[in-house]
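**Student:** This one is run20.txt, compact mmCIF, C-alpha atoms and all ligand atoms.
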# COMPACT_ATOMS: atom_id res chain seq x y z
CA MET A 264 0.00 0.00 0.00
CA SER A 265 1.31 3.45 -0.97
CA THR A 266 2.18 5.76 1.93
CA HIS A 267 1.90 8.92 -0.19
CA ARG A 268 -1.74 10.01 -0.25
CA THR A 269 -3.55 12.04 -2.90
CA TYR A 270 -6.94 13.35 -1.79
CA LEU A 271 -9.50 13.54 -4.61
CA ASP A 272 -12.70 13.52 -2.53
CA HIS A 273 -13.42 17.19 -1.79
CA ASN A 274 -17.15 16.74 -2.46
CA ALA A 275 -17.32 14.30 0.47
CA THR A 276 -15.37 16.61 2.75
CA ALA A 277 -12.63 19.15 2.02
CA PRO A 278 -9.37 19.25 3.98
CA LEU A 279 -9.42 21.93 6.68
CA ARG A 280 -8.04 25.23 5.35
CA PRO A 281 -5.22 26.71 7.45
CA GLU A 282 -7.29 29.88 7.89
CA ALA A 283 -10.08 27.80 9.46
CA ALA A 284 -7.65 25.95 11.74
CA GLY A 285 -6.22 29.31 12.88
CA ALA A 286 -9.64 30.78 13.66
CA MET A 287 -10.67 27.64 15.54
CA ALA A 288 -7.48 27.72 17.60
CA VAL A 289 -8.36 31.25 18.71
CA ALA A 290 -12.00 30.32 19.46
CA ILE A 291 -10.91 27.35 21.60
CA GLY A 292 -9.36 29.86 23.99
CA VAL A 293 -12.61 31.81 24.40
CA CYS A 294 -14.82 30.52 27.20
CA GLY A 295 -17.84 32.84 27.07
CA ASN A 296 -21.37 31.97 26.01
CA PRO A 297 -22.27 34.31 23.10
CA SER A 298 -25.57 35.13 24.87
CA SER A 299 -23.84 36.35 28.04
CA VAL A 300 -23.49 40.08 28.57
CA HIS A 301 -20.07 39.99 30.27
CA HIS A 302 -16.71 40.52 28.57
CA GLU A 303 -16.18 36.81 27.86
CA GLY A 304 -19.63 36.48 26.36
CA ARG A 305 -19.11 39.54 24.19
CA ARG A 306 -15.82 38.09 22.89
CA ALA A 307 -17.65 34.93 21.84
CA ARG A 308 -20.47 37.00 20.30
CA ALA A 309 -17.92 38.98 18.26
CA ILE A 310 -16.51 35.73 16.80
CA ILE A 311 -19.99 34.59 15.78
CA GLU A 312 -20.87 37.93 14.18
CA THR A 313 -17.57 38.08 12.28
CA ALA A 314 -18.27 34.61 10.91
CA ARG A 315 -21.81 35.68 9.96
CA GLU A 316 -20.39 38.56 7.93
CA GLN A 317 -17.84 36.26 6.28
CA VAL A 318 -20.51 33.73 5.27
CA ALA A 319 -22.87 36.49 4.10
CA LYS A 320 -20.11 37.92 1.91
CA LEU A 321 -19.36 34.50 0.42
CA VAL A 322 -22.90 34.24 -0.98
CA ASN A 323 -23.80 37.93 -1.35
CA ALA A 324 -26.47 37.87 1.36
CA LYS A 325 -27.19 40.23 4.25
CA PRO A 326 -25.62 39.09 7.56
CA LEU A 327 -29.09 38.99 9.17
CA GLU A 328 -30.13 36.45 6.53
CA VAL A 329 -27.47 33.95 7.71
CA ILE A 330 -28.71 31.51 10.37
CA PHE A 331 -26.10 29.07 11.64
CA THR A 332 -27.06 25.40 11.87
CA ALA A 333 -25.26 22.14 12.60
CA GLY A 334 -24.76 21.58 8.86
CA ALA A 335 -26.64 21.40 5.59
CA THR A 336 -28.61 18.32 6.60
CA GLU A 337 -30.26 20.35 9.34
CA ALA A 338 -30.75 23.31 6.98
CA ASN A 339 -32.44 21.16 4.31
CA ASN A 340 -34.61 19.35 6.90
CA TRP A 341 -35.59 22.72 8.36
CA VAL A 342 -36.93 23.99 5.05
CA VAL A 343 -39.00 20.85 4.48
CA SER A 344 -40.51 20.97 7.98
CA GLY A 345 -40.77 24.72 8.49
CA GLY A 346 -43.37 25.87 6.00
CA ALA A 347 -46.48 23.72 6.54
CA TRP A 348 -46.23 23.02 2.81
CA THR A 349 -49.22 21.61 0.98
CA THR A 350 -47.15 20.64 -2.10
CA ILE A 351 -43.43 19.98 -2.51
CA LEU A 352 -41.74 19.69 -5.91
CA SER A 353 -38.31 18.07 -6.09
CA ALA A 354 -36.22 15.80 -8.31
CA GLU A 355 -34.74 12.41 -7.51
CA ILE A 356 -31.21 13.82 -7.92
CA GLU A 357 -31.45 15.83 -4.68
CA HIS A 358 -29.22 14.90 -1.74
CA ASP A 359 -30.64 12.50 0.84
CA SER A 360 -30.89 15.36 3.35
CA VAL A 361 -33.60 16.80 1.05
CA ARG A 362 -35.19 13.49 0.05
CA GLY A 363 -35.16 11.96 3.54
CA PRO A 364 -37.62 14.30 5.30
CA LEU A 365 -40.08 14.51 2.36
CA ALA A 366 -42.09 11.41 3.32
CA ASN A 367 -43.01 12.84 6.73
CA SER A 368 -43.71 16.37 5.48
CA GLY A 369 -47.45 15.79 5.12
CA ALA A 370 -47.32 17.54 1.73
CA THR A 371 -48.35 16.22 -1.66
CA LEU A 372 -45.07 15.26 -3.32
CA ARG A 373 -44.46 15.90 -7.01
CA THR A 374 -41.37 14.63 -8.79
CA LEU A 375 -39.57 16.86 -11.28
CA ALA A 376 -38.22 15.00 -14.33
CA VAL A 377 -34.45 14.90 -14.98
CA SER A 378 -32.77 14.79 -18.40
CA GLY A 379 -30.18 12.17 -19.37
CA ASP A 380 -27.53 14.81 -18.73
CA GLY A 381 -28.74 15.28 -15.15
CA VAL A 382 -30.59 18.58 -15.52
CA VAL A 383 -34.12 19.47 -14.39
CA PRO A 384 -35.40 21.43 -17.43
CA VAL A 385 -36.71 24.84 -16.45
CA GLU A 386 -39.87 24.08 -18.50
CA GLU A 387 -40.52 21.25 -16.04
CA ILE A 388 -40.57 23.75 -13.17
CA ALA A 389 -42.74 26.17 -15.17
CA HIS A 390 -45.21 23.40 -15.99
CA HIS A 391 -45.53 22.36 -12.34
CA ALA A 392 -45.57 25.97 -11.13
CA LEU A 393 -48.59 26.67 -13.31
CA SER A 394 -50.44 23.56 -12.18
CA ALA A 395 -49.52 23.71 -8.47
CA PRO A 396 -52.07 25.25 -6.08
CA ALA A 397 -49.62 28.07 -5.50
CA THR A 398 -51.99 30.81 -4.46
CA ASP A 399 -51.89 29.75 -0.80
CA GLY A 400 -48.11 30.37 -0.74
CA ARG A 401 -47.59 26.88 0.64
CA THR A 402 -45.84 25.24 -2.31
CA LEU A 403 -42.13 24.51 -1.99
CA VAL A 404 -39.72 23.89 -4.89
CA MET A 405 -36.40 22.28 -3.98
CA LEU A 406 -33.76 22.58 -6.69
CA GLN A 407 -30.10 22.02 -5.85
CA MET A 408 -27.48 24.29 -7.40
CA ALA A 409 -24.91 21.58 -8.15
CA ASN A 410 -25.03 17.83 -7.79
CA ASN A 411 -22.57 16.27 -5.37
CA GLU A 412 -22.03 13.12 -7.48
CA THR A 413 -21.87 14.50 -11.02
CA GLY A 414 -21.24 18.22 -10.50
CA VAL A 415 -24.11 19.00 -12.93
CA LEU A 416 -25.55 22.50 -12.40
CA GLN A 417 -29.28 23.17 -12.22
CA PRO A 418 -31.07 26.19 -13.76
CA VAL A 419 -31.79 27.83 -10.39
CA ALA A 420 -31.36 31.38 -11.74
CA ASP A 421 -34.01 30.70 -14.41
CA ALA A 422 -36.36 28.83 -12.08
CA ALA A 423 -36.36 31.42 -9.27
CA PRO A 424 -38.26 34.20 -11.13
CA ILE A 425 -40.89 31.68 -12.26
CA CYS A 426 -41.38 30.52 -8.68
CA ARG A 427 -41.53 34.07 -7.38
CA GLU A 428 -44.07 35.06 -10.05
CA HIS A 429 -46.35 32.16 -9.11
CA GLY A 430 -45.96 32.48 -5.35
CA LEU A 431 -43.88 29.32 -4.83
CA HIS A 432 -41.10 29.19 -2.21
CA ILE A 433 -37.84 28.13 -3.89
CA HIS A 434 -35.06 26.53 -1.86
CA THR A 435 -31.65 25.63 -3.22
CA ASP A 436 -29.04 23.33 -1.72
CA ALA A 437 -25.82 25.14 -2.62
CA VAL A 438 -23.50 22.93 -0.57
CA GLN A 439 -21.17 22.01 -3.43
CA MET A 440 -20.76 25.53 -4.84
CA PRO A 441 -18.44 27.54 -2.55
CA GLY A 442 -14.79 27.36 -3.49
CA ARG A 443 -15.78 26.09 -6.94
CA LEU A 444 -18.23 28.69 -8.34
CA SER A 445 -19.48 31.97 -6.91
CA ILE A 446 -22.97 32.30 -5.44
CA ASP A 447 -25.11 35.43 -5.62
CA PHE A 448 -27.97 34.86 -3.18
CA ALA A 449 -29.45 38.34 -3.70
CA GLY A 450 -29.19 38.11 -7.49
CA LEU A 451 -30.58 34.58 -7.73
CA GLY A 452 -33.82 35.56 -6.01
CA VAL A 453 -34.25 32.25 -4.16
CA ASP A 454 -36.02 32.25 -0.78
CA THR A 455 -33.68 29.94 1.11
CA LEU A 456 -30.24 28.42 0.47
CA SER A 457 -28.27 25.83 2.43
CA LEU A 458 -24.50 25.69 3.04
CA SER A 459 -22.15 23.27 4.73
CA SER A 460 -18.85 24.29 6.32
CA HIS A 461 -16.90 21.07 5.73
CA LYS A 462 -17.39 21.13 1.95
CA LEU A 463 -15.47 24.39 1.66
CA GLY A 464 -12.57 23.74 4.03
CA GLY A 465 -14.19 24.46 7.38
CA PRO A 466 -14.97 21.90 10.09
CA ALA A 467 -17.90 19.45 9.90
CA GLY A 468 -20.87 20.11 12.18
CA ALA A 469 -21.44 23.71 11.10
CA GLY A 470 -23.53 25.08 8.27
CA ALA A 471 -26.13 27.71 7.53
CA LEU A 472 -29.57 28.31 6.18
CA ILE A 473 -29.70 31.63 4.35
CA ILE A 474 -33.26 32.95 4.67
CA ARG A 475 -34.25 35.91 2.52
CA ASP A 476 -35.14 38.92 4.65
CA GLY A 477 -38.88 38.81 5.37
CA ILE A 478 -39.42 35.10 4.68
CA LYS A 479 -41.30 33.28 7.46
CA LEU A 480 -40.26 29.76 8.38
CA ALA A 481 -41.18 27.99 11.62
CA SER A 482 -38.15 27.01 13.70
CA PHE A 483 -36.90 23.45 13.39
CA ILE A 484 -34.99 23.44 16.69
CA THR A 485 -36.81 25.32 19.45
CA GLY A 486 -35.79 26.42 22.93
CA GLY A 487 -33.64 29.48 23.61
CA GLY A 488 -33.66 32.70 21.62
CA GLN A 489 -30.38 32.25 19.73
CA GLU A 490 -29.96 33.15 16.06
CA ARG A 491 -32.62 35.88 16.17
CA ARG A 492 -35.03 33.37 17.76
CA ARG A 493 -34.87 31.22 14.62
CA ARG A 494 -32.56 28.38 15.72
CA ALA A 495 -32.26 27.51 19.39
CA GLY A 496 -29.18 26.11 21.10
CA THR A 497 -25.88 27.58 22.29
CA GLU A 498 -23.86 28.31 19.18
CA ASN A 499 -21.03 25.98 18.11
CA LEU A 500 -18.45 28.73 18.61
CA ILE A 501 -15.38 26.83 17.39
CA GLY A 502 -17.16 25.32 14.39
CA ILE A 503 -18.71 28.63 13.36
CA ALA A 504 -15.35 30.42 13.71
CA GLY A 505 -13.78 27.84 11.36
CA PHE A 506 -16.73 28.05 8.96
CA GLY A 507 -16.42 31.84 8.75
CA ALA A 508 -12.67 31.77 8.14
CA ALA A 509 -13.05 29.08 5.46
CA ALA A 510 -15.81 31.15 3.82
CA GLU A 511 -13.55 34.19 3.75
CA ALA A 512 -10.66 32.18 2.28
CA ALA A 513 -12.99 30.79 -0.40
CA SER A 514 -14.30 34.32 -1.19
CA ILE A 515 -10.79 35.69 -1.62
CA ASP A 516 -9.63 32.83 -3.87
CA VAL A 517 -11.18 34.30 -7.03
CA SER A 518 -8.98 32.25 -9.37
CA ALA A 519 -10.26 28.91 -7.96
CA THR A 520 -12.88 28.33 -10.68
CA ALA A 521 -10.40 28.68 -13.55
CA ARG A 522 -7.65 26.75 -11.75
CA LEU A 523 -9.92 23.84 -10.86
CA GLY A 524 -11.40 23.80 -14.36
CA ARG A 525 -7.93 23.48 -15.91
CA LEU A 526 -7.02 20.60 -13.58
CA ARG A 527 -10.35 18.84 -14.17
CA ASP A 528 -10.06 19.21 -17.96
CA ARG A 529 -6.55 17.74 -17.90
CA LEU A 530 -7.75 14.91 -15.71
CA GLU A 531 -10.64 14.06 -18.06
CA ALA A 532 -8.52 14.36 -21.21
CA GLY A 533 -5.97 11.98 -19.67
CA ILE A 534 -8.65 9.49 -18.63
CA ARG A 535 -10.13 9.51 -22.14
CA GLU A 536 -6.74 8.99 -23.74
CA ILE A 537 -5.71 6.14 -21.43
CA THR A 538 -9.13 4.41 -21.36
CA PRO A 539 -11.19 5.38 -24.43
CA SER A 540 -14.13 3.26 -23.18
CA ALA A 541 -14.50 5.44 -20.05
CA VAL A 542 -17.86 7.26 -19.79
CA ILE A 543 -17.83 10.69 -18.20
CA VAL A 544 -21.26 11.29 -16.70
CA GLY A 545 -23.06 14.60 -17.37
CA VAL A 546 -20.38 15.74 -19.80
CA GLY A 547 -22.98 17.43 -22.02
CA SER A 548 -24.16 19.70 -19.19
CA GLN A 549 -22.75 22.68 -17.38
CA ARG A 550 -20.86 21.27 -14.41
CA LEU A 551 -18.84 22.31 -11.40
CA PRO A 552 -15.21 22.82 -12.42
CA ASN A 553 -13.93 20.36 -9.79
CA THR A 554 -16.01 17.20 -10.28
CA THR A 555 -15.64 14.20 -12.59
CA SER A 556 -17.96 11.22 -12.44
CA VAL A 557 -16.44 8.45 -14.54
CA ALA A 558 -17.60 4.90 -15.21
CA MET A 559 -15.59 2.07 -16.68
CA PRO A 560 -18.17 -0.33 -18.15
CA GLY A 561 -17.64 -3.80 -16.72
CA GLN A 562 -15.50 -2.61 -13.80
CA ALA A 563 -17.29 -2.35 -10.45
CA ALA A 564 -16.93 1.04 -8.77
CA GLU A 565 -16.15 -0.39 -5.35
CA THR A 566 -13.28 -2.47 -6.78
CA LEU A 567 -11.80 0.61 -8.46
CA VAL A 568 -12.16 2.63 -5.25
CA ILE A 569 -10.27 -0.06 -3.31
CA LYS A 570 -7.54 -0.41 -5.95
CA LEU A 571 -7.08 3.37 -6.01
CA ASP A 572 -7.03 3.51 -2.21
CA LEU A 573 -4.26 0.89 -2.13
CA ALA A 574 -2.36 2.96 -4.70
CA GLY A 575 -2.67 6.05 -2.45
CA PHE A 576 -5.74 7.85 -3.87
CA ALA A 577 -8.91 8.79 -1.98
CA VAL A 578 -11.95 8.79 -4.31
CA SER A 579 -15.64 7.91 -3.86
CA ALA A 580 -17.98 5.42 -5.48
CA GLY A 581 -21.09 6.99 -6.97
CA ALA A 582 -23.13 4.04 -5.76
CA ALA A 583 -24.50 4.23 -2.23
CA CYS A 584 -23.33 1.53 0.12
CA SER A 585 -25.44 0.88 3.18
CA SER A 586 -25.68 -2.15 5.47
CA GLY A 587 -23.13 -3.94 3.32
CA LYS A 588 -25.41 -3.70 0.28
CA VAL A 589 -24.13 -1.77 -2.71
CA GLY A 590 -26.82 -0.31 -4.93
CA ALA A 591 -26.88 1.92 -7.98
CA SER A 592 -26.64 5.63 -7.22
CA HIS A 593 -30.09 7.25 -7.00
CA VAL A 594 -28.71 10.23 -8.92
CA LEU A 595 -27.40 8.23 -11.87
CA THR A 596 -30.53 6.05 -11.89
CA ALA A 597 -32.72 9.19 -12.01
CA MET A 598 -30.70 10.28 -15.06
CA GLY A 599 -31.83 7.05 -16.75
CA LEU A 600 -28.27 5.75 -17.14
CA ALA A 601 -27.79 2.07 -17.97
CA PRO A 602 -26.97 -0.10 -14.90
CA GLU A 603 -23.39 -0.75 -16.14
CA ILE A 604 -22.80 3.01 -15.88
CA ALA A 605 -24.99 3.75 -12.84
CA ASN A 606 -23.35 0.90 -10.88
CA ASN A 607 -19.80 1.60 -11.94
CA ALA A 608 -19.29 5.36 -11.62
CA ILE A 609 -16.58 6.69 -9.36
CA ARG A 610 -16.28 10.35 -8.38
CA LEU A 611 -13.10 12.37 -8.45
CA SER A 612 -13.43 15.79 -6.82
CA LEU A 613 -10.72 18.44 -6.59
CA GLY A 614 -10.48 21.42 -4.27
CA TRP A 615 -8.53 24.25 -2.75
CA ASN A 616 -5.29 22.28 -2.25
CA SER A 617 -5.39 20.11 -5.40
CA SER A 618 -2.39 20.44 -7.70
CA GLU A 619 -1.06 19.55 -11.14
CA ALA A 620 1.05 16.91 -9.37
CA ASP A 621 -2.15 15.25 -8.04
CA VAL A 622 -3.53 14.97 -11.58
CA THR A 623 -0.21 13.66 -12.94
CA ALA A 624 0.02 11.06 -10.18
CA PHE A 625 -3.58 9.94 -10.76
CA LEU A 626 -3.11 9.54 -14.50
CA GLU A 627 0.05 7.50 -13.88
CA VAL A 628 -1.95 4.85 -12.00
CA TRP A 629 -5.24 5.03 -13.90
CA GLY A 630 -4.06 2.72 -16.70
CA VAL A 631 -2.82 0.20 -14.13
CA VAL A 632 -5.91 0.10 -11.90
CA THR A 633 -8.29 -0.18 -14.86
CA ARG A 634 -6.30 -2.87 -16.67
CA PRO A 635 -8.42 -6.06 -16.82
CA ARG A 636 -6.78 -8.90 -14.90
CA ALA A 637 -4.77 -11.22 -17.14
CA LEU A 638 -6.62 -14.47 -17.86
CA ARG A 639 -5.19 -17.35 -15.87
CA ALA A 640 -4.14 -20.36 -17.91
CA VAL A 641 -6.61 -23.19 -17.32
CA ALA A 642 -4.88 -26.44 -16.53
N1 LIG B 1 -26.29 18.56 0.34
C1 LIG B 1 -25.32 18.11 -0.46
C2 LIG B 1 -25.42 18.36 -1.93
C3 LIG B 1 -24.22 17.42 0.06
O1 LIG B 1 -23.27 16.97 -0.75
C4 LIG B 1 -24.18 17.19 1.46
C5 LIG B 1 -23.07 16.40 2.07
O2 LIG B 1 -22.77 15.30 1.64
C6 LIG B 1 -25.21 17.69 2.26
C7 LIG B 1 -26.25 18.37 1.67
C8 LIG B 1 -25.21 17.50 3.77
O3 LIG B 1 -24.29 18.37 4.37
P1 LIG B 1 -23.82 18.17 5.91
O4 LIG B 1 -22.76 17.12 5.87
O5 LIG B 1 -23.30 19.51 6.32
O6 LIG B 1 -24.99 17.78 6.71
Since I need it in another form, could you write the structure as structure tokens?
**Tutor:**
Amino acid sequence: MSTHRTYLDHNATAPLRPEAAGAMAVAIGVCGNPSSVHHEGRRARAIIETAREQVAKLVNAKPLEVIFTAGATEANNWVVSGGAWTTILSAEIEHDSVRGPLANSGATLRTLAVSGDGVVPVEEIAHHALSAPATDGRTLVMLQMANNETGVLQPVADAAPICREHGLHIHTDAVQMPGRLSIDFAGLGVDTLSLSSHKLGGPAGAGALIIRDGIKLASFITGGGQERRRRAGTENLIGIAGFGAAAEAASIDVSATARLGRLRDRLEAGIREITPSAVIVGVGSQRLPNTTSVAMPGQAAETLVIKLDLAGFAVSAGAACSSGKVGASHVLTAMGLAPEIANNAIRLSLGWNSSEADVTAFLEVWGVVTRPRALRAVA
């Protein structure tokens, strides 16, 4: 097993940025409760409010629109549970933190169709928006910005004005965007947007729901009056400090999109050259610049992941593995991909510390790990 590691799994979790580690080290030394009025409490409060400004700046929102949560799973669950929705529209490609709470929402669920390239056509939203009983303001549309498995982008900017015009609440899961593509919350015109700290180089266990000024949403976690009475519980000071610093580092790194795109394009060109039978999923769509979902027909994803791990590379299988059972990815299945693609896709995802050397090293082993085993001579 190789001792040198190359991390190509930023969409699962990104390595902690040094800026986040530094901010967390400072916050560890602060003992006050941010709700306390004394000096220690005010120091903690200042850390939280700095982080709020940093996260707001990352997505072009107002600081008062940023509500800290324990991650994007909580933020997505909150939106589903907080609106007393009568109808919810969503596609099968959404993350499980959106799909999971739908069944208990009490709403009528409508499924948005997905194209073979992984996109929900904006006409599909318009069609449902016109036929949904939207006048009561209790219809929710959930449309992610970028898919975590394929990197395919959704037409959120086109869907938002349609939803607004017809009185539908539009929520977008933007977890995979920061550090890869910029987000303009104010310009998009969505009502709510979820973020996760650990996908952008902050610690896990922190995230945010961005709620457009004036939008009403019942609290998901109730108790104390924290977060403008919207999300109870003493704030995760250290996590939020790291989240804010990571958000600021991602905001400042304006060349990330172009840099990641160059690395990803070189990676895909190399894969195609070495293994012409490789299928790159969603290649016909607009995608995140950091994500490649690639299937080798006839080669099981989990075998490739293990071979790559032994060779020193951390990548993910597209297929979900739970209770020892490996199934096709719900995202790739929703795209209508053949089982030999849907079962065999692996995901390579780059990020803030990925380098040309990582791509070179990966391409050096790709031909070896994908080589079919030599046939044994039969006695
Ligand atoms: N949404 C998407 C698209 C994700 O990729 C993830 C993480 O895998 C989440 C939501 C959940 O985020 P968290 O880990 O902060 O709960």
**Student:** Give the centre and edge lengths of an axis-aligned box, in Å to one decimal, that holds all listed atoms of ligand LIG 1 (chain B) with 5 Å on each side, as JSON.
**Tutor:**
{"center_x": -24.5, "center_y": 17.4, "center_z": 2.4, "size_x": 13.5, "size_y": 14.2, "size_z": 18.6}
**Student:** For the interface of chain A with ligand LIG 1 (chain B) (cut-off 10 Å, counting only C-alpha atoms and all ligand atoms), please tabulate each contacting residue of chain A alongside its nearest pair of atoms and their separation in Å to one decimal, rows sorted by chain and increasing number, as a tab-separated table.
**Tutor:**
residue	atom	partner	partner_atom	distance
A:His273	CA	B:LIG1	O1	9.9
A:Asn274	CA	B:LIG1	O1	6.4
A:Ala275	CA	B:LIG1	O2	5.7
A:Thr276	CA	B:LIG1	O2	7.6
A:Thr332	CA	B:LIG1	O5	8.9
A:Ala333	CA	B:LIG1	O5	7.1
A:Gly334	CA	B:LIG1	O5	3.6
A:Ala335	CA	B:LIG1	O5	3.9
A:Thr336	CA	B:LIG1	O6	3.7
A:Glu337	CA	B:LIG1	O6	6.4
A:Ala338	CA	B:LIG1	O6	8.0
A:Asn339	CA	B:LIG1	C7	7.3
A:Asn340	CA	B:LIG1	O6	9.7
A:Ile356	CA	B:LIG1	C2	9.5
A:Glu357	CA	B:LIG1	C2	7.1
A:His358	CA	B:LIG1	N1	5.1
A:Asp359	CA	B:LIG1	C7	7.4
A:Ser360	CA	B:LIG1	C7	5.8
A:Val361	CA	B:LIG1	C7	7.5
A:Gln407	CA	B:LIG1	C2	7.1
A:Met408	CA	B:LIG1	C2	8.3
A:Ala409	CA	B:LIG1	C2	7.0
A:Asn410	CA	B:LIG1	C2	5.9
A:Asn411	CA	B:LIG1	O1	4.7
A:Glu412	CA	B:LIG1	O1	7.9
A:Gly414	CA	B:LIG1	C2	9.5
A:Thr435	CA	B:LIG1	N1	9.6
A:Asp436	CA	B:LIG1	N1	5.9
A:Ala437	CA	B:LIG1	C2	6.8
A:Val438	CA	B:LIG1	C2	5.1
A:Gln439	CA	B:LIG1	C2	5.8
A:Met440	CA	B:LIG1	C2	9.0
A:Ser457	CA	B:LIG1	C7	7.8
A:Leu458	CA	B:LIG1	O5	7.1
A:Ser459	CA	B:LIG1	O5	4.2
A:Ser460	CA	B:LIG1	O5	6.5
A:His461	CA	B:LIG1	O5	6.6
A:Lys462	CA	B:LIG1	C5	7.4
A:Pro466	CA	B:LIG1	O5	9.5
A:Ala467	CA	B:LIG1	O5	6.5
A:Gly468	CA	B:LIG1	O5	6.4
A:Ala469	CA	B:LIG1	O5	6.6
A:Gly470	CA	B:LIG1	O5	5.9
A:Ala471	CA	B:LIG1	O5	8.8
**Student:** Set the distance at 10 Å and use all atoms listed in the file: which residues neighbour region 370-383 of chain A once local chain neighbours fewer than 2 positions away are removed? I'd like the list as an NGL selection string.
**Tutor:** :A and (343-344 or 347-356 or 365-368 or 385-388 or 390-391 or 395 or 401-407 or 409-410 or 413-419 or 422 or 544-550 or 594-600)
**Student:** Have a look at CA of Gly464 (chain A) and CA of Asn553 (chain A) and let me know their distance in Å, one decimal.
**Tutor:** 14.3 Å
**Student:** Which residue, A:Ala389, A:Val342, A:Leu463, A:Val622, has the smallest gap to Phe506 (chain A) when you use all atoms listed in the file?
**Tutor:**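 Distance minimum relative to Phe506 (chain A) lands on A:Leu463.
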**Student:** With a distance cut-off of 10 Å and all atoms listed in the file, select the neighbouring residues of Thr623 (chain A), excluding the residue or stretch itself and same-chain residues fewer than 6 positions from it, and output the selection as a PyMOL selection string.
**Tutor:** chain A and resi 526+529-530+533
**Student:** CA of Gly465 (chain A) and CA of Leu327 (chain A) are how many Å apart?
**Tutor:** 20.9 Å
**Student:** Using only C-alpha atoms, pick whichever of A:Ala580, A:Leu321, A:Leu626, A:Cys426 has the shortest atom-to-atom distance to Ala513 (chain A).
**Tutor:**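 Nearest to Ala513 (chain A): A:Leu321.
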